[in-house]
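One file, my_file_38.txt, carrying compact mmCIF, C-alpha atoms:
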# COMPACT_ATOMS: atom_id res chain seq x y z
CA MET A 1 67.88 122.51 115.18
CA THR A 2 68.08 119.61 112.73
CA LEU A 3 65.36 117.79 110.80
CA LYS A 4 65.87 114.70 112.96
CA ASN A 5 65.11 116.77 116.05
CA THR A 6 62.05 118.26 114.37
CA PHE A 7 60.57 115.16 112.77
CA GLY A 8 62.13 112.30 114.72
CA GLU A 9 62.99 109.05 113.02
CA TYR A 10 60.62 109.50 110.07
CA SER A 11 59.81 112.52 107.96
CA PHE A 12 56.55 111.21 106.55
CA VAL A 13 54.16 108.41 107.55
CA THR A 14 51.00 107.78 105.54
CA LYS A 15 48.12 106.21 107.47
CA LEU A 16 45.77 103.80 105.70
CA ASP A 17 42.64 102.45 107.42
CA VAL A 18 42.02 98.74 106.82
CA THR A 19 39.32 96.31 107.95
CA ASN A 20 41.62 93.25 108.18
CA LEU A 21 45.00 94.20 109.63
CA GLU A 22 46.75 90.84 109.30
CA ALA A 23 45.67 90.20 105.70
CA SER A 24 46.53 93.77 104.70
CA ALA A 25 49.95 93.60 106.38
CA GLU A 26 50.75 90.36 104.56
CA TRP A 27 49.69 91.88 101.22
CA TYR A 28 51.87 95.00 101.63
CA LYS A 29 54.81 92.80 102.61
CA SER A 30 54.50 90.05 99.99
CA LYS A 31 53.03 91.91 97.00
CA LEU A 32 54.69 95.31 97.34
CA GLY A 33 57.91 94.26 99.03
CA LEU A 34 57.60 96.72 101.90
CA VAL A 35 59.68 96.06 105.01
CA PRO A 36 57.81 95.60 108.33
CA GLU A 37 58.89 97.92 111.13
CA GLU A 38 57.94 95.59 114.01
CA LYS A 39 59.03 97.98 116.75
CA TYR A 40 55.90 100.04 115.95
CA ASP A 41 53.45 97.10 115.99
CA THR A 42 50.40 97.39 118.22
CA PRO A 43 47.11 95.47 118.14
CA ASN A 44 45.72 98.17 115.81
CA TRP A 45 48.79 99.33 113.87
CA ARG A 46 51.45 97.94 111.50
CA GLN A 47 54.11 100.12 109.93
CA PHE A 48 56.19 99.44 106.81
CA SER A 49 59.16 101.18 105.24
CA PHE A 50 60.22 101.32 101.62
CA PRO A 51 63.57 99.65 100.89
CA ASP A 52 64.75 102.44 98.57
CA ILE A 53 63.04 105.49 100.08
CA PRO A 54 64.54 106.58 103.41
CA ARG A 55 62.45 108.33 106.08
CA PHE A 56 59.11 107.42 104.48
CA ALA A 57 56.66 104.85 105.85
CA ILE A 58 53.15 103.50 105.45
CA GLY A 59 51.12 102.69 108.53
CA LEU A 60 48.13 100.36 108.45
CA ASN A 61 45.45 101.23 110.99
CA TRP A 62 42.82 98.63 111.87
CA GLU A 63 39.56 100.52 111.52
CA HIS A 64 36.87 99.01 113.74
CA LEU A 65 34.03 100.36 111.59
CA THR A 66 32.37 98.32 108.86
CA PHE A 67 32.57 99.97 105.48

In structure tokens, what does this structure look like?
Amino acid sequence: MTLKNTFGEYSFVTKLDVTNLEASAEWYKSKLGLVPEEKYDTPNWRQFSFPDIPRFAIGLNWEHLTF
């Protein structure tokens, strides 16, 4: 059994709840230089990888609650 079989494509994905998905996604892309992983996009989710850190991602989750 290999790690890829155990964990799949990614080893670690951090989930962050946000109130504005589009604005947050643009900020992570333009300000932090993260790379969008569009194959994971849904109406409530955007996922980004780090250019220099393999198998690690950040996912933005649109939280419907008002903080």

Could you name the residues that touch A:Arg46 at 8 Å or less, counting all atoms listed in the file, but leaving out those on the same chain fewer than 5 positions away, as a PDB file with C-alpha atoms, in the coordinates of the input?
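Saved the output as around_36.pdb:
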ATOM      1  CA  LEU A  21      45.000  94.200 109.630  1.00  0.00           C
ATOM      2  CA  ALA A  25      49.950  93.600 106.380  1.00  0.00           C
ATOM      3  CA  PRO A  36      57.810  95.600 108.330  1.00  0.00           C
ATOM      4  CA  GLU A  37      58.890  97.920 111.130  1.00  0.00           C
ATOM      5  CA  GLU A  38      57.940  95.590 114.010  1.00  0.00           C
ATOM      6  CA  TYR A  40      55.900 100.040 115.950  1.00  0.00           C
ATOM      7  CA  ASP A  41      53.450  97.100 115.990  1.00  0.00           C
ATOM      8  CA  GLY A  59      51.120 102.690 108.530  1.00  0.00           C
ATOM      9  CA  LEU A  60      48.130 100.360 108.450  1.00  0.00           C
ATOM     10  CA  ASN A  61      45.450 101.230 110.990  1.00  0.00           C
TER      11      ASN A  61
END

At a cut-off of 6 Å, using only C-alpha atoms, what residues contact A:Ala57? Leave out same-chain residues fewer than 3 positions from it and give the result as a compact mmCIF listing (two decimals) with C-alpha atoms, keeping the file's coordinate frame.
# COMPACT_ATOMS: atom_id res chain seq x y z
CA VAL A 13 54.16 108.41 107.55
CA PHE A 48 56.19 99.44 106.81
CA SER A 49 59.16 101.18 105.24

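Nearest residue to A:Ser24 among A:Phe50, A:Phe12, A:Phe56, A:Trp62 is A:Trp62, counting all atoms listed in the file.
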
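Between atom CA of A:Lys31 and atom CA of A:Asp52 there is a distance of 15.8 Å.
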